[in-house]
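Asker: Sending over my_file_18.pdb (PDB, N, CA and C atoms and all ligand atoms).
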```
MODEL        1
ATOM      1  N   MET J   1       4.131 -16.870  51.161  1.00  0.00           N
ATOM      2  CA  MET J   1       4.550 -17.894  52.101  1.00  0.00           C
ATOM      3  C   MET J   1       4.339 -19.271  51.474  1.00  0.00           C
ATOM      4  N   ASN J   2       5.303 -20.146  51.685  1.00  0.00           N
ATOM      5  CA  ASN J   2       5.205 -21.498  51.157  1.00  0.00           C
ATOM      6  C   ASN J   2       5.203 -22.499  52.302  1.00  0.00           C
ATOM      7  N   VAL J   3       4.601 -23.648  52.071  1.00  0.00           N
ATOM      8  CA  VAL J   3       4.562 -24.680  53.094  1.00  0.00           C
ATOM      9  C   VAL J   3       4.812 -26.038  52.460  1.00  0.00           C
ATOM     10  N   LYS J   4       5.483 -26.884  53.216  1.00  0.00           N
ATOM     11  CA  LYS J   4       5.652 -28.268  52.777  1.00  0.00           C
ATOM     12  C   LYS J   4       5.632 -29.180  53.994  1.00  0.00           C
ATOM     13  N   ILE J   5       5.416 -30.450  53.733  1.00  0.00           N
ATOM     14  CA  ILE J   5       5.391 -31.451  54.799  1.00  0.00           C
ATOM     15  C   ILE J   5       6.504 -32.449  54.544  1.00  0.00           C
ATOM     16  N   ASP J   6       7.268 -32.728  55.592  1.00  0.00           N
ATOM     17  CA  ASP J   6       8.306 -33.749  55.486  1.00  0.00           C
ATOM     18  C   ASP J   6       7.649 -35.113  55.686  1.00  0.00           C
ATOM     19  N   PRO J   7       7.543 -35.905  54.630  1.00  0.00           N
ATOM     20  CA  PRO J   7       6.837 -37.189  54.743  1.00  0.00           C
ATOM     21  C   PRO J   7       7.562 -38.194  55.629  1.00  0.00           C
ATOM     22  N   ASP J   8       8.845 -37.941  55.879  1.00  0.00           N
ATOM     23  CA  ASP J   8       9.587 -38.851  56.761  1.00  0.00           C
ATOM     24  C   ASP J   8       9.287 -38.582  58.229  1.00  0.00           C
ATOM     25  N   LEU J   9       8.779 -37.392  58.517  1.00  0.00           N
ATOM     26  CA  LEU J   9       8.462 -37.029  59.904  1.00  0.00           C
ATOM     27  C   LEU J   9       6.978 -37.174  60.214  1.00  0.00           C
ATOM     28  N   CYS J  10       6.113 -36.895  59.236  1.00  0.00           N
ATOM     29  CA  CYS J  10       4.667 -36.920  59.453  1.00  0.00           C
ATOM     30  C   CYS J  10       4.212 -38.301  59.909  1.00  0.00           C
ATOM     31  N   THR J  11       3.373 -38.309  60.960  1.00  0.00           N
ATOM     32  CA  THR J  11       2.841 -39.566  61.484  1.00  0.00           C
ATOM     33  C   THR J  11       1.422 -39.839  60.990  1.00  0.00           C
ATOM     34  N   GLY J  12       0.872 -38.892  60.209  1.00  0.00           N
ATOM     35  CA  GLY J  12      -0.482 -39.076  59.707  1.00  0.00           C
ATOM     36  C   GLY J  12      -1.549 -38.890  60.760  1.00  0.00           C
ATOM     37  N   CYS J  13      -1.277 -38.052  61.745  1.00  0.00           N
ATOM     38  CA  CYS J  13      -2.227 -37.865  62.854  1.00  0.00           C
ATOM     39  C   CYS J  13      -3.487 -37.109  62.435  1.00  0.00           C
ATOM     40  N   ALA J  14      -3.414 -36.418  61.305  1.00  0.00           N
ATOM     41  CA  ALA J  14      -4.560 -35.700  60.724  1.00  0.00           C
ATOM     42  C   ALA J  14      -4.941 -34.416  61.452  1.00  0.00           C
ATOM     43  N   LEU J  15      -4.104 -33.957  62.359  1.00  0.00           N
ATOM     44  CA  LEU J  15      -4.395 -32.697  63.038  1.00  0.00           C
ATOM     45  C   LEU J  15      -4.444 -31.541  62.032  1.00  0.00           C
ATOM     46  N   CYS J  16      -3.464 -31.468  61.171  1.00  0.00           N
ATOM     47  CA  CYS J  16      -3.398 -30.343  60.222  1.00  0.00           C
ATOM     48  C   CYS J  16      -4.498 -30.443  59.168  1.00  0.00           C
ATOM     49  N   THR J  17      -4.815 -31.647  58.730  1.00  0.00           N
ATOM     50  CA  THR J  17      -5.846 -31.786  57.702  1.00  0.00           C
ATOM     51  C   THR J  17      -7.224 -31.461  58.264  1.00  0.00           C
ATOM     52  N   ASP J  18      -7.407 -31.703  59.563  1.00  0.00           N
ATOM     53  CA  ASP J  18      -8.673 -31.336  60.203  1.00  0.00           C
ATOM     54  C   ASP J  18      -8.755 -29.829  60.431  1.00  0.00           C
ATOM     55  N   SER J  19      -7.625 -29.216  60.774  1.00  0.00           N
ATOM     56  CA  SER J  19      -7.664 -27.797  61.141  1.00  0.00           C
ATOM     57  C   SER J  19      -7.597 -26.870  59.926  1.00  0.00           C
ATOM     58  N   VAL J  20      -6.902 -27.277  58.874  1.00  0.00           N
ATOM     59  CA  VAL J  20      -6.801 -26.420  57.681  1.00  0.00           C
ATOM     60  C   VAL J  20      -6.998 -27.259  56.412  1.00  0.00           C
ATOM     61  N   PRO J  21      -8.220 -27.737  56.197  1.00  0.00           N
ATOM     62  CA  PRO J  21      -8.462 -28.639  55.057  1.00  0.00           C
ATOM     63  C   PRO J  21      -8.316 -27.966  53.698  1.00  0.00           C
ATOM     64  N   ASP J  22      -8.279 -26.629  53.688  1.00  0.00           N
ATOM     65  CA  ASP J  22      -8.057 -25.946  52.412  1.00  0.00           C
ATOM     66  C   ASP J  22      -6.594 -26.023  51.979  1.00  0.00           C
ATOM     67  N   VAL J  23      -5.722 -26.374  52.902  1.00  0.00           N
ATOM     68  CA  VAL J  23      -4.284 -26.386  52.604  1.00  0.00           C
ATOM     69  C   VAL J  23      -3.690 -27.795  52.695  1.00  0.00           C
ATOM     70  N   PHE J  24      -4.183 -28.585  53.666  1.00  0.00           N
ATOM     71  CA  PHE J  24      -3.614 -29.918  53.884  1.00  0.00           C
ATOM     72  C   PHE J  24      -4.656 -30.998  53.605  1.00  0.00           C
ATOM     73  N   ARG J  25      -4.203 -32.102  53.078  1.00  0.00           N
ATOM     74  CA  ARG J  25      -5.089 -33.252  52.891  1.00  0.00           C
ATOM     75  C   ARG J  25      -4.291 -34.514  53.204  1.00  0.00           C
ATOM     76  N   MET J  26      -5.027 -35.593  53.448  1.00  0.00           N
ATOM     77  CA  MET J  26      -4.341 -36.844  53.719  1.00  0.00           C
ATOM     78  C   MET J  26      -3.976 -37.524  52.411  1.00  0.00           C
ATOM     79  N   GLY J  27      -2.741 -38.015  52.350  1.00  0.00           N
ATOM     80  CA  GLY J  27      -2.317 -38.828  51.225  1.00  0.00           C
ATOM     81  C   GLY J  27      -2.546 -40.281  51.594  1.00  0.00           C
ATOM     82  N   ASN J  28      -1.664 -41.154  51.240  1.00  0.00           N
ATOM     83  CA  ASN J  28      -1.833 -42.561  51.594  1.00  0.00           C
ATOM     84  C   ASN J  28      -1.663 -42.773  53.095  1.00  0.00           C
ATOM     85  N   ASP J  29      -0.493 -42.454  53.607  1.00  0.00           N
ATOM     86  CA  ASP J  29      -0.238 -42.643  55.033  1.00  0.00           C
ATOM     87  C   ASP J  29       0.081 -41.346  55.749  1.00  0.00           C
ATOM     88  N   VAL J  30       0.432 -40.337  54.984  1.00  0.00           N
ATOM     89  CA  VAL J  30       0.851 -39.077  55.589  1.00  0.00           C
ATOM     90  C   VAL J  30       0.092 -37.924  54.949  1.00  0.00           C
ATOM     91  N   ALA J  31       0.134 -36.788  55.629  1.00  0.00           N
ATOM     92  CA  ALA J  31      -0.521 -35.600  55.089  1.00  0.00           C
ATOM     93  C   ALA J  31       0.305 -35.026  53.942  1.00  0.00           C
ATOM     94  N   GLU J  32      -0.363 -34.285  53.083  1.00  0.00           N
ATOM     95  CA  GLU J  32       0.331 -33.610  51.995  1.00  0.00           C
ATOM     96  C   GLU J  32      -0.273 -32.225  51.808  1.00  0.00           C
ATOM     97  N   VAL J  33       0.480 -31.371  51.152  1.00  0.00           N
ATOM     98  CA  VAL J  33       0.056 -30.011  50.908  1.00  0.00           C
ATOM     99  C   VAL J  33      -0.673 -29.969  49.560  1.00  0.00           C
ATOM    100  N   ILE J  34      -1.837 -29.339  49.552  1.00  0.00           N
ATOM    101  CA  ILE J  34      -2.608 -29.249  48.316  1.00  0.00           C
ATOM    102  C   ILE J  34      -1.933 -28.279  47.346  1.00  0.00           C
ATOM    103  N   ASN J  35      -1.499 -27.131  47.892  1.00  0.00           N
ATOM    104  CA  ASN J  35      -0.825 -26.120  47.079  1.00  0.00           C
ATOM    105  C   ASN J  35       0.266 -25.507  47.941  1.00  0.00           C
ATOM    106  N   ALA J  36       1.498 -25.620  47.519  1.00  0.00           N
ATOM    107  CA  ALA J  36       2.627 -25.160  48.333  1.00  0.00           C
ATOM    108  C   ALA J  36       2.585 -23.661  48.595  1.00  0.00           C
ATOM    109  N   LYS J  37       1.973 -22.917  47.696  1.00  0.00           N
ATOM    110  CA  LYS J  37       1.872 -21.462  47.866  1.00  0.00           C
ATOM    111  C   LYS J  37       0.632 -21.186  48.706  1.00  0.00           C
ATOM    112  N   VAL J  38       0.826 -20.652  49.905  1.00  0.00           N
ATOM    113  CA  VAL J  38      -0.281 -20.443  50.835  1.00  0.00           C
ATOM    114  C   VAL J  38      -0.967 -19.110  50.555  1.00  0.00           C
ATOM    115  N   ALA J  39      -2.272 -19.145  50.381  1.00  0.00           N
ATOM    116  CA  ALA J  39      -3.047 -17.919  50.190  1.00  0.00           C
ATOM    117  C   ALA J  39      -2.996 -17.103  51.480  1.00  0.00           C
ATOM    118  N   PRO J  40      -2.976 -15.783  51.357  1.00  0.00           N
ATOM    119  CA  PRO J  40      -2.831 -14.918  52.535  1.00  0.00           C
ATOM    120  C   PRO J  40      -3.841 -15.217  53.640  1.00  0.00           C
ATOM    121  N   GLU J  41      -5.054 -15.548  53.291  1.00  0.00           N
ATOM    122  CA  GLU J  41      -6.065 -15.781  54.324  1.00  0.00           C
ATOM    123  C   GLU J  41      -5.803 -17.049  55.143  1.00  0.00           C
ATOM    124  N   PHE J  42      -4.917 -17.913  54.667  1.00  0.00           N
ATOM    125  CA  PHE J  42      -4.629 -19.143  55.407  1.00  0.00           C
ATOM    126  C   PHE J  42      -3.276 -19.106  56.111  1.00  0.00           C
ATOM    127  N   GLU J  43      -2.556 -17.996  55.981  1.00  0.00           N
ATOM    128  CA  GLU J  43      -1.189 -17.970  56.521  1.00  0.00           C
ATOM    129  C   GLU J  43      -1.154 -18.189  58.035  1.00  0.00           C
ATOM    130  N   LYS J  44      -2.046 -17.514  58.768  1.00  0.00           N
ATOM    131  CA  LYS J  44      -2.021 -17.687  60.226  1.00  0.00           C
ATOM    132  C   LYS J  44      -2.376 -19.123  60.607  1.00  0.00           C
ATOM    133  N   ALA J  45      -3.390 -19.674  59.957  1.00  0.00           N
ATOM    134  CA  ALA J  45      -3.808 -21.043  60.277  1.00  0.00           C
ATOM    135  C   ALA J  45      -2.696 -22.043  59.973  1.00  0.00           C
ATOM    136  N   VAL J  46      -1.960 -21.807  58.901  1.00  0.00           N
ATOM    137  CA  VAL J  46      -0.857 -22.710  58.546  1.00  0.00           C
ATOM    138  C   VAL J  46       0.287 -22.584  59.563  1.00  0.00           C
ATOM    139  N   LYS J  47       0.572 -21.370  59.983  1.00  0.00           N
ATOM    140  CA  LYS J  47       1.613 -21.186  61.000  1.00  0.00           C
ATOM    141  C   LYS J  47       1.210 -21.866  62.303  1.00  0.00           C
ATOM    142  N   ASP J  48      -0.068 -21.740  62.666  1.00  0.00           N
ATOM    143  CA  ASP J  48      -0.549 -22.399  63.878  1.00  0.00           C
ATOM    144  C   ASP J  48      -0.456 -23.919  63.732  1.00  0.00           C
ATOM    145  N   ALA J  49      -0.805 -24.430  62.561  1.00  0.00           N
ATOM    146  CA  ALA J  49      -0.734 -25.879  62.324  1.00  0.00           C
ATOM    147  C   ALA J  49       0.711 -26.371  62.422  1.00  0.00           C
ATOM    148  N   ALA J  50       1.641 -25.564  61.915  1.00  0.00           N
ATOM    149  CA  ALA J  50       3.054 -25.943  61.992  1.00  0.00           C
ATOM    150  C   ALA J  50       3.504 -25.987  63.450  1.00  0.00           C
ATOM    151  N   ALA J  51       3.048 -24.999  64.231  1.00  0.00           N
ATOM    152  CA  ALA J  51       3.430 -24.963  65.642  1.00  0.00           C
ATOM    153  C   ALA J  51       2.800 -26.124  66.411  1.00  0.00           C
ATOM    154  N   ASP J  52       1.611 -26.537  65.993  1.00  0.00           N
ATOM    155  CA  ASP J  52       0.876 -27.583  66.706  1.00  0.00           C
ATOM    156  C   ASP J  52       1.230 -28.993  66.249  1.00  0.00           C
ATOM    157  N   CYS J  53       1.874 -29.124  65.095  1.00  0.00           N
ATOM    158  CA  CYS J  53       2.189 -30.466  64.566  1.00  0.00           C
ATOM    159  C   CYS J  53       3.064 -31.219  65.560  1.00  0.00           C
ATOM    160  N   PRO J  54       2.591 -32.350  66.076  1.00  0.00           N
ATOM    161  CA  PRO J  54       3.367 -33.084  67.078  1.00  0.00           C
ATOM    162  C   PRO J  54       4.669 -33.664  66.536  1.00  0.00           C
ATOM    163  N   ALA J  55       4.768 -33.800  65.225  1.00  0.00           N
ATOM    164  CA  ALA J  55       5.980 -34.370  64.627  1.00  0.00           C
ATOM    165  C   ALA J  55       6.914 -33.296  64.068  1.00  0.00           C
ATOM    166  N   GLU J  56       6.488 -32.032  64.190  1.00  0.00           N
ATOM    167  CA  GLU J  56       7.264 -30.915  63.614  1.00  0.00           C
ATOM    168  C   GLU J  56       7.591 -31.180  62.144  1.00  0.00           C
ATOM    169  N   ALA J  57       6.576 -31.693  61.443  1.00  0.00           N
ATOM    170  CA  ALA J  57       6.766 -32.072  60.045  1.00  0.00           C
ATOM    171  C   ALA J  57       6.358 -31.001  59.053  1.00  0.00           C
ATOM    172  N   ILE J  58       5.707 -29.936  59.553  1.00  0.00           N
ATOM    173  CA  ILE J  58       5.235 -28.874  58.659  1.00  0.00           C
ATOM    174  C   ILE J  58       6.289 -27.778  58.604  1.00  0.00           C
ATOM    175  N   ILE J  59       6.766 -27.504  57.410  1.00  0.00           N
ATOM    176  CA  ILE J  59       7.850 -26.541  57.223  1.00  0.00           C
ATOM    177  C   ILE J  59       7.285 -25.317  56.494  1.00  0.00           C
ATOM    178  N   VAL J  60       7.356 -24.175  57.150  1.00  0.00           N
ATOM    179  CA  VAL J  60       6.889 -22.917  56.589  1.00  0.00           C
ATOM    180  C   VAL J  60       8.096 -22.106  56.155  1.00  0.00           C
ATOM    181  N   GLU J  61       8.032 -21.603  54.929  1.00  0.00           N
ATOM    182  CA  GLU J  61       9.174 -20.842  54.410  1.00  0.00           C
ATOM    183  C   GLU J  61       8.710 -19.501  53.874  1.00  0.00           C
TER
HETATM  184  S1  LIG J 101      -0.158 -32.457  62.083  1.00  0.00           S
HETATM  185 FE1  LIG J 101       1.936 -33.057  61.485  1.00  0.00          FE
HETATM  186  S2  LIG J 101       2.092 -35.254  61.955  1.00  0.00           S
HETATM  187 FE2  LIG J 101      -0.089 -34.700  61.936  1.00  0.00          FE
HETATM  188  S3  LIG J 101      -0.771 -35.184  59.837  1.00  0.00           S
HETATM  189 FE3  LIG J 101      -0.185 -32.986  59.888  1.00  0.00          FE
HETATM  190  S4  LIG J 101       1.979 -32.957  59.229  1.00  0.00           S
HETATM  191 FE4  LIG J 101       1.469 -35.059  59.807  1.00  0.00          FE
ENDMDL
END
```
Any chance you could put this one into structure tokens?

Answerer:
Amino acid sequence: MNVKIDPDLCTGCALCTDSVPDVFRMGNDVAEVINAKVAPEFEKAVKDAAADCPAEAIIVE
């Protein structure tokens, strides 16, 4: 599973970086993905973060 963040949509609310810090971190103004390839143990948390993102900026593929 792969994940990316659309920087044009992300508002930098830090919800995802707080909930899954092993996968997401804050960049300058918006969140970014540490590693686009999601480890199996984080897949559910990443899917939940994508569902919870208020800007719908997290794209899971
Ligand atoms: S939850 Fe969504 S809007 Fe908030 S920092 Fe993460 S990607 Fe950006």

Asker: Do you know which residues are at most 10 Å from Leu15 of chain J counting only C-alpha atoms, after dropping those on the same chain fewer than 2 positions away, and could you put them as number ranges by chain?

Answerer: J: 12-13, 17-21, 24, 31, 49, 52-54

Asker: Would you give the centre and edge lengths, in Å to one decimal, of a box along x, y and z around the listed atoms of ligand LIG 101 (chain J), with 4 Å added to each side, as AutoDock Vina command-line options?

Answerer:
```
--center_x 0.7 --center_y -33.9 --center_z 60.7 --size_x 10.9 --size_y 10.8 --size_z 10.9
```

Asker: Of the candidates J:Ala51, J:Val38, J:Ala57, J:Val33, which shows the shortest atom-to-atom distance to Asp8 of chain J, using all atoms listed in the file?

Answerer: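 Closest to Asp8 of chain J of all the choices is J:Ala57.
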
Asker: For a quick check of understanding, using all atoms listed in the file, which of J:Glu41, J:Asp48, J:Asp22, J:Glu56 has the smallest distance to ligand LIG 101 (chain J)?

Answerer: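 Nearest to ligand LIG 101 (chain J): J:Glu56.
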
Asker: Evaluate the PyMOL selection byres (((chain J and resi 61) around 5) and not hetatm) against this structure - the residues, as a list in words, please.

Answerer: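 Applying the PyMOL selection byres (((chain J and resi 61) around 5) and not hetatm) to the structure shown produces Met1, Asn2, Val3, Ile59 and Val60 of chain J.
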
Asker: Measure the distance from atom CA of Asn28 of chain J to atom N of Ala45 of chain J in Å and round it to one decimal.

Answerer: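 Atom CA of Asn28 of chain J sits 24.4 Å away from atom N of Ala45 of chain J.
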
Asker: Which is closer to ligand LIG 101 (chain J) than all the others in J:Lys47, J:Ala14, J:Ala39, J:Lys4, using only N, CA and C atoms and all ligand atoms?

Answerer: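 Of J:Lys47, J:Ala14, J:Ala39, J:Lys4, the one nearest ligand LIG 101 (chain J) is J:Ala14, counting only N, CA and C atoms and all ligand atoms.
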
Asker: DSSP on the backbone: which residues in chain J end up as alpha helix (DSSP H)? Give the answer as a PyMOL selection string.

Answerer: chain J and resi 15-19+43-52

Asker: For each of J:Pro7, J:Lys44, J:Ala36, J:Ala55, take the minimum atom-to-atom distance to ligand LIG 101 (chain J), counting all atoms listed in the file, then give the residue where this is smallest.

Answerer: J:Ala55

Asker: Record the distance separating atom N of Leu9 of chain J and atom S2 of ligand LIG 101 (chain J), expressed in Å with one decimal.

Answerer: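 Going from atom N of Leu9 of chain J over to atom S2 of ligand LIG 101 (chain J) covers 7.8 Å.
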
Asker: Which one is closest to ligand LIG 101 (chain J): J:Gly27, J:Val46, J:Asn35, J:Thr11? Count all atoms listed in the file.

Answerer: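 The shortest atom-to-atom distance to ligand LIG 101 (chain J) comes from J:Thr11.
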
Asker: To one decimal in Å, tell me the separation between atom CA of Cys10 of chain J and atom CA of Ile58 of chain J.

Answerer: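 Atom-to-atom, atom CA of Cys10 of chain J to atom CA of Ile58 of chain J, that is 8.1 Å.
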
Asker: Which residues in chain J does DSSP call strand (DSSP E)? List them as an MDAnalysis selection string.

Answerer: chainID J and resid 3:5 24:26 31:33 58:60

Asker: Taking into account only N, CA and C atoms and all ligand atoms, which residue in the set J:Phe42, J:Met26, J:Lys37, J:Cys16 is nearest to ligand LIG 101 (chain J)?

Answerer: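 For ligand LIG 101 (chain J), the nearest of the candidates is J:Cys16.
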